[in-house]
Structures are given as C-alpha cells and as structure tokens.
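Content type mmCIF, C-alpha atoms, from the file upload-v6.cif:
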```
data_input
#
loop_
_atom_site.label_atom_id
_atom_site.label_comp_id
_atom_site.auth_asym_id
_atom_site.auth_seq_id
_atom_site.Cartn_x
_atom_site.Cartn_y
_atom_site.Cartn_z
CA VAL A 21 0.00 0.00 0.00
CA ILE A 22 1.37 3.42 -1.00
CA THR A 23 -0.05 6.58 0.55
CA SER A 24 0.78 10.03 -0.81
CA VAL A 25 -0.35 13.47 0.33
CA ALA A 26 -0.66 16.45 -2.00
CA THR A 27 -1.08 20.05 -0.72
CA GLY A 28 -3.09 22.46 -2.85
CA PRO A 29 -4.20 26.10 -2.60
CA ASN A 30 -5.23 27.30 0.87
CA ASN A 31 -3.45 24.31 2.38
CA THR A 32 -6.07 21.87 1.10
CA LYS A 33 -4.86 18.32 1.14
CA ALA A 34 -5.66 15.26 -0.94
CA ILE A 35 -4.63 11.82 0.27
CA VAL A 36 -4.28 9.14 -2.38
CA THR A 37 -4.00 5.53 -1.24
CA THR A 38 -2.84 3.07 -3.90
CA THR A 39 -2.74 -0.69 -3.43
CA VAL A 40 -0.18 -2.46 -5.62
CA GLN A 41 1.14 -5.99 -5.86
CA LEU A 42 3.92 -7.87 -7.57
CA TYR A 43 2.97 -9.98 -10.55
CA THR A 44 2.23 -13.52 -9.41
CA PHE A 45 3.89 -16.67 -10.66
CA SER A 46 3.48 -20.29 -9.67
CA THR A 47 6.04 -21.45 -7.12
CA ASN A 48 4.81 -25.00 -7.46
CA SER A 49 6.15 -25.82 -10.91
CA PRO A 50 6.98 -29.53 -10.97
CA ALA A 51 10.04 -29.33 -13.25
CA VAL A 52 12.65 -27.14 -14.85
CA VAL A 53 11.03 -27.98 -18.23
CA TYR A 54 7.23 -28.08 -18.10
CA SER A 55 5.26 -29.19 -21.15
CA LYS A 56 1.54 -29.51 -21.76
CA ASP A 57 2.29 -32.13 -24.43
CA ASN A 58 4.94 -34.70 -25.45
CA VAL A 59 8.65 -33.96 -25.10
CA SER A 60 11.33 -35.47 -27.37
CA LEU A 61 14.94 -35.37 -26.18
CA ASN A 62 17.43 -36.35 -28.86
CA GLY A 63 21.16 -36.75 -28.31
CA SER A 64 23.74 -37.30 -25.59
CA ALA A 65 24.73 -33.59 -25.68
CA ILE A 66 21.54 -32.67 -23.80
CA SER A 67 21.71 -31.95 -20.09
CA ILE A 68 18.64 -30.95 -18.07
CA ASN A 69 19.24 -30.48 -14.36
CA GLY A 70 16.34 -29.99 -11.94
CA ASN A 71 18.57 -29.39 -8.91
CA ASP A 72 18.41 -25.76 -7.83
CA ALA A 73 21.70 -24.04 -8.67
CA GLY A 74 20.55 -20.88 -6.88
CA THR A 75 20.17 -19.92 -3.25
CA CYS A 76 16.85 -18.06 -3.46
CA GLY A 77 14.48 -20.48 -1.77
CA GLY A 78 13.87 -22.96 -4.56
CA THR A 79 13.60 -26.71 -4.11
CA ASN A 80 14.94 -29.39 -6.41
CA LEU A 81 12.59 -30.25 -9.28
CA ALA A 82 12.16 -32.96 -11.86
CA ALA A 83 14.05 -32.36 -15.08
CA VAL A 84 10.95 -32.66 -17.30
CA TYR A 85 7.23 -32.75 -16.54
CA ASN A 86 4.48 -33.75 -18.96
CA MET A 87 0.85 -32.97 -18.39
CA ASP A 88 -1.09 -36.19 -18.98
CA PRO A 89 -1.41 -37.84 -21.43
CA GLY A 90 1.88 -36.41 -22.70
CA THR A 91 5.08 -38.44 -22.40
CA THR A 92 8.84 -37.87 -22.62
CA THR A 93 10.83 -39.82 -25.22
CA GLN A 94 14.60 -40.08 -24.82
CA ASN A 95 16.92 -40.92 -27.72
CA GLY A 96 20.72 -40.99 -27.44
CA ASN A 97 21.01 -40.95 -23.64
CA PRO A 98 20.39 -37.34 -22.63
CA ALA A 99 21.49 -36.51 -19.06
CA LEU A 100 18.48 -35.82 -16.82
CA THR A 101 19.04 -34.88 -13.18
CA GLY A 102 15.77 -35.23 -11.33
CA GLY A 103 14.27 -37.58 -13.88
CA THR A 104 10.92 -37.17 -15.61
CA SER A 105 7.48 -36.83 -14.14
CA HIS A 106 3.89 -36.48 -15.30
CA GLY A 107 0.45 -35.74 -13.94
CA ASN A 108 -2.55 -33.48 -14.21
CA THR A 109 -0.88 -30.18 -13.26
CA ASN A 110 -2.35 -27.76 -15.77
CA ILE A 111 -0.43 -24.48 -15.76
CA ASP A 112 -2.22 -21.69 -17.63
CA ILE A 113 0.62 -20.61 -19.91
CA GLN A 114 -1.57 -18.22 -21.90
CA ALA A 115 -2.46 -16.42 -18.68
CA TYR A 116 1.25 -15.89 -17.94
CA VAL A 117 1.75 -14.52 -21.45
CA ASP A 118 -1.12 -12.08 -21.01
CA GLN A 119 0.19 -11.06 -17.60
CA PHE A 120 3.85 -10.50 -18.41
CA LYS A 121 3.60 -9.00 -21.91
CA VAL A 122 2.20 -5.81 -20.37
CA GLY A 123 5.63 -5.07 -18.88
CA ALA A 124 7.64 -5.97 -22.00
CA ASN A 125 10.77 -3.92 -22.63
CA TYR A 126 11.18 -5.34 -26.14
CA THR A 127 8.60 -6.53 -28.67
CA LEU A 128 9.90 -8.75 -31.48
CA THR A 129 8.07 -8.77 -34.80
CA ALA A 130 10.56 -10.83 -36.82
CA ASP A 131 13.16 -13.59 -36.41
CA VAL A 132 16.34 -12.55 -34.62
CA SER A 133 19.90 -13.42 -35.64
CA GLY A 134 22.34 -11.86 -33.22
CA GLY A 135 21.23 -9.76 -30.28
CA THR A 136 21.50 -9.17 -26.55
CA TYR A 137 18.57 -8.33 -24.30
CA GLY A 138 19.28 -7.07 -20.82
CA SER A 139 22.35 -7.86 -18.78
CA SER A 140 23.39 -9.57 -15.57
CA THR A 141 22.44 -6.36 -13.71
CA ASN A 142 19.39 -5.45 -15.79
CA TYR A 143 16.76 -8.15 -16.31
CA VAL A 144 14.14 -7.37 -18.97
CA THR A 145 11.02 -8.83 -20.58
CA VAL A 146 10.96 -9.74 -24.28
CA TYR A 147 7.66 -10.47 -26.01
CA ALA A 148 6.85 -11.86 -29.46
CA ASP A 149 3.42 -12.49 -30.95
CA ALA A 150 4.62 -15.05 -33.49
CA GLN A 151 1.05 -16.04 -34.29
CA GLY A 152 0.25 -12.52 -35.37
CA THR A 153 3.53 -11.45 -37.04
CA GLN A 154 5.11 -14.61 -38.50
CA ALA A 155 3.68 -16.46 -41.50
CA ASP A 156 4.64 -19.80 -39.92
CA HIS A 157 3.60 -18.64 -36.42
CA GLU A 158 7.16 -19.33 -35.22
CA LEU A 159 9.84 -17.08 -33.73
CA ARG A 160 13.35 -18.20 -34.72
CA LEU A 161 16.31 -17.20 -32.52
CA ASN A 162 19.95 -17.50 -33.52
CA ASN A 163 22.95 -16.18 -31.52
CA VAL A 164 20.83 -14.49 -28.86
CA THR A 165 21.74 -13.70 -25.25
CA GLY A 166 19.13 -12.57 -22.78
CA TYR A 167 18.38 -11.92 -19.13
CA GLY A 168 14.79 -11.91 -17.88
CA ILE A 169 11.55 -13.27 -19.30
CA LEU A 170 11.17 -14.43 -22.90
CA ILE A 171 7.50 -14.72 -23.88
CA VAL A 172 6.34 -16.18 -27.18
CA LYS A 173 2.74 -16.41 -28.30
CA GLY A 174 3.06 -19.19 -30.85
CA ASP A 175 6.08 -21.41 -31.51
CA LEU A 176 9.74 -20.86 -30.65
CA GLN A 177 12.72 -22.35 -32.49
CA MET A 178 16.18 -21.98 -30.99
CA ALA A 179 18.16 -22.57 -34.15
CA GLY A 180 21.64 -21.43 -33.12
CA ASN A 181 23.52 -20.32 -30.04
CA VAL A 182 21.15 -19.16 -27.30
CA ASP A 183 22.14 -18.09 -23.80
CA TRP A 184 19.13 -17.19 -21.62
CA HIS A 185 18.94 -16.46 -17.89
CA GLY A 186 15.45 -16.44 -16.40
CA LEU A 187 12.12 -17.67 -17.75
CA ILE A 188 11.08 -18.87 -21.19
CA ILE A 189 7.30 -19.09 -21.68
CA VAL A 190 5.94 -20.40 -25.00
CA THR A 191 2.27 -21.05 -25.73
CA GLY A 192 3.02 -23.37 -28.64
CA VAL A 193 5.83 -25.74 -29.63
CA MET A 194 9.43 -25.11 -28.56
CA THR A 195 12.14 -26.73 -30.64
CA SER A 196 15.91 -26.68 -30.31
CA SER A 197 18.17 -27.75 -33.14
CA GLY A 198 21.73 -27.36 -34.34
CA GLY A 199 25.09 -29.06 -34.44
CA GLY A 200 27.84 -29.30 -31.88
CA SER A 201 28.91 -25.71 -32.45
CA ASN A 202 25.41 -24.42 -31.68
CA SER A 203 25.02 -24.42 -27.91
CA LYS A 204 22.00 -23.49 -25.81
CA ASN A 205 22.45 -22.50 -22.20
CA ILE A 206 19.24 -21.82 -20.29
CA GLN A 207 19.41 -21.15 -16.57
CA GLY A 208 15.99 -20.71 -14.98
CA GLN A 209 12.83 -22.48 -16.15
CA ILE A 210 10.92 -23.31 -19.33
CA PHE A 211 7.14 -23.52 -19.80
CA ALA A 212 5.99 -24.67 -23.22
CA GLY A 213 3.67 -26.70 -25.35
CA SER A 214 0.05 -26.65 -26.34
CA SER A 215 -1.46 -30.08 -26.74
CA ALA A 216 -3.35 -28.79 -29.76
CA LEU A 217 -0.11 -28.01 -31.62
CA GLY A 218 2.35 -30.82 -31.05
CA ASP A 219 5.55 -31.84 -29.31
CA THR A 220 8.25 -29.90 -27.53
CA ALA A 221 11.43 -31.19 -29.21
CA ILE A 222 14.93 -30.60 -27.85
CA SER A 223 18.05 -31.68 -29.69
CA GLY A 224 21.62 -30.54 -30.27
CA ASN A 225 24.05 -29.22 -27.66
CA ILE A 226 21.88 -27.87 -24.84
CA ASP A 227 22.28 -27.29 -21.12
CA VAL A 228 19.14 -26.44 -19.14
CA GLY A 229 19.37 -25.94 -15.40
CA TYR A 230 16.94 -24.80 -12.73
CA ASN A 231 18.08 -21.69 -10.89
CA SER A 232 15.70 -20.06 -8.41
CA CYS A 233 17.78 -16.85 -8.34
CA GLU A 234 17.53 -16.39 -12.10
CA VAL A 235 13.75 -16.86 -11.87
CA LYS A 236 13.56 -14.37 -8.99
CA LYS A 237 15.60 -11.77 -10.87
CA ALA A 238 13.45 -12.20 -13.96
CA LEU A 239 10.26 -11.68 -11.99
CA SER A 240 11.67 -8.70 -10.08
CA SER A 241 12.01 -6.85 -13.40
CA GLN A 242 8.22 -6.71 -13.74
CA PRO A 243 6.47 -3.44 -12.84
CA LEU A 244 4.12 -3.19 -9.90
CA LYS A 245 0.47 -3.80 -10.73
CA VAL A 246 -2.13 -1.35 -9.41
CA VAL A 247 -4.95 -3.27 -7.73
CA ASN A 248 -7.04 -0.29 -6.63
CA TRP A 249 -6.77 3.29 -5.45
CA LYS A 250 -8.87 5.89 -3.68
CA GLN A 251 -8.58 9.61 -3.01
CA ASN A 252 -9.68 11.33 0.20
CA TYR A 253 -9.92 15.05 0.87
#
```
Will you turn the file into structure tokens for me?
Amino acid sequence: VITSVATGPNNTKAIVTTTVQLYTFSTNSPAVVYSKDNVSLNGSAISINGNDAGTCGGTNLAAVYNMDPGTTTQNGNPALTGGTSHGNTNIDIQAYVDQFKVGANYTLTADVSGGTYGSSTNYVTVYADAQGTQADHELRLNNVTGYGILIVKGDLQMAGNVDWHGLIIVTGVMTSSGGGSNSKNIQGQIFAGSSALGDTAISGNIDVGYNSCEVKKALSSQPLKVVNWKQNY
C-alpha cells in the first residue's frame, strides 16, 4: 500500500492511497522444463538439471514434466538430473503470457539473428506475438543472449547459439536444433507446449538448469500492478 499526500491552494490536502502488488507466478512448478504435451529429447549432448543451482528459496525439481497424457521420449542418452514426471498439473501458460507481456521492454516482430537483451544487472522482458507477425507462427532465434523473461505467443525455435537467464514461456511448440557448435544455455525455467499443436522437441548441444535466483531476478524486473486506489480530501 502506497499513501501520498498532496497540498493544494489554501493548504487543502488530498490523500491518495494506492494498493499495488507484484505480478504472481506459480512457485509449485513440478520441473525445470514443463510441457503440456509430449517432449522429445534427442542426443547425448543434452543436459537438463532440476537441482536448484541458486540460493533463493527454490527446491529441487524434476528435469521434465508432462501434463497427462503427454510423455517424454529419450533418444541418445540425454542426461536428466531429477528424472521425468507427469500428472494433471495444468499451468495456464496463456495467462502468464497475457500477464507479463504488459511489462515488456522489447517486442519482437521478426526472427532474430544476433542480439543481446538485458544484462546480468538489468533483467528485462521480451515479447513476441509469433502467431500474429510470422507467417509460420514461429519465432526463430539465432545467436541471442538474454536476461529476464522471454515470452512467445506461438512457436519458438532456438536454431543457433542461445544463452538465456530467467524464464522462457511459450504457448506453442518449442524446438531446439543445431550441431555441436550451436550451444544453448538456459538457466531458470521453461514452460511450453500446447497439446493442440504438437511436441516440444529438444536436440543438439543444450544445457538447461533450474536456478531459483535467475527466476527471482526475472520476476523482479516486472512493474508493480495497481490493484485499486482511492482519493480522500
């Protein structure tokens, strides 16, 4: 609650009381990679670690979680710390997109090849409406570094080197591809996959690790949300 007092002519005073809150986010996510559909993990160069690498109050998670009836398929012995899990946890990904896009610092309307968003001392929010701006409804990232929240309405393809610290939230299908020289380093959490669209597929050289501090920093970059206010004279 924020209370401010303004003094006008003849010493009249107006008191404005504003109630604000931080944007909310589920603290009960079951895994570092959450998918509402199937997940395909292809290759021994994949590492997904659900153990919390941060010191910000997180607990160890599963590596991958599928909402039923989705399943995780492993090809080529990917390294999963925390294993896989499944159940009926239905996280409203679209609601998170609608919530966080309001505070976006960057709005992407085309594929990106080369770019840095935010820094280790300045976490930001990046939003892309791939369904509305891309003919194939997919945002393609190549050689991108970011700190904060990456939000994609539609599909996301990480085609080249990607280094992201924080949250990645995708309403559609997330895919990762590339050879040994194309690495993906994601420290935080991933939420992806609409059962109406298809699988979340991860392949190539990729390292995904849960980090509660990266999630906390990403969320702290969001503006305060006004719940209500009143003015008294």
Exercise. Given the file above and the PyMOL selection byres ((chain A and resi 185-191) around 8), which residues are selected, and can you give them as an MDAnalysis selection string?
Worked result: chainID A and resid 113:114 116:117 166:176 183:184 192:194 206:214 234:238
Problem set entry | Residue neighbourhood stretch 152-160 of chain A, 7 Å, only C-alpha atoms, exclusion window fewer than 5 positions, as a PyMOL selection string | chain A and resi 129-132+174-179
Exercise. Looking at A:Ser240, A:Tyr147, A:Thr141, A:Asn108, which one is nearest to A:Ala124, with distances taken over only C-alpha atoms?
Worked result: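 Of A:Ser240, A:Tyr147, A:Thr141, A:Asn108, the one nearest A:Ala124, counting only C-alpha atoms, is A:Tyr147.
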Exercise. Quick one, how far is atom CA of A:Asn231 from atom CA of A:Gly78?
Worked result: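 So the answer is 7.7 Å.
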For this session: Scan for residues within 12 Å of the point (-1.1, -36.3, -17.1) in the coordinates of the file, using only C-alpha atoms, and reply as a PyMOL selection string.
Result: chain A and resi 54-58+85-92+105-111+215
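Taken over the whole file, the PyMOL selection byres ((chain A and resi 70) around 8) covers exactly Ala51, Val52, Ile68, Asn69, Asn71, Asp72, Asn80, Leu81, Ala82, Ala83, Leu100, Thr101, Gly102, Gly229 and Tyr230 of chain A.
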Exercise. Atom CA of A:Gly123 and atom CA of A:Gln242 are how many Å apart?
Worked result: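 So the answer is 6.0 Å.
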Exercise. When you draw a straight line from atom CA of A:Tyr126 to atom CA of A:Asn205, how long is it in Å?
Worked result: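 Interatomic distance, atom CA of A:Tyr126 to atom CA of A:Asn205: 20.9 Å.
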Problem set entry | Residue neighbourhood stretch 133-137 of chain A, 6 Å, all atoms listed in the file, exclusion window fewer than 3 positions, as a count of residues only | 5
Exercise. Which residues, written as a ChimeraX atom specification, have at least one atom at most 10 Å from A:Ser64, with only C-alpha atoms counted and residues fewer than 4 positions away on the same chain left out?
Worked result: /A:94-99,223-226
For this session: Compare A:Ser67, A:Ala73, A:Asn142, A:Ser49 by their minimum atom-to-atom distance to A:Asp112, counting all atoms listed in the file, and give me the closest one.
Result: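 Distance minimum relative to A:Asp112 lands on A:Ser49.
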Problem set entry | Nearest residue to A:Asp219 from the set A:Gln151, A:Pro50, A:Val182, A:Ser60 (distances using only C-alpha atoms) | A:Ser60
Exercise. Which of these, A:Thr75, A:Asn62, A:Ser140, A:Ser201, has the shortest distance to A:Thr93 once you count all atoms listed in the file?
Worked result: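 Looking at the shortest contact to A:Thr93, the residue is A:Asn62.
With all atoms listed in the file as the atoms that count, the minimum distance from A:Ala221 to the choices A:Ser203, A:Thr145, A:Asn181, A:Thr195 is reached by A:Thr195.
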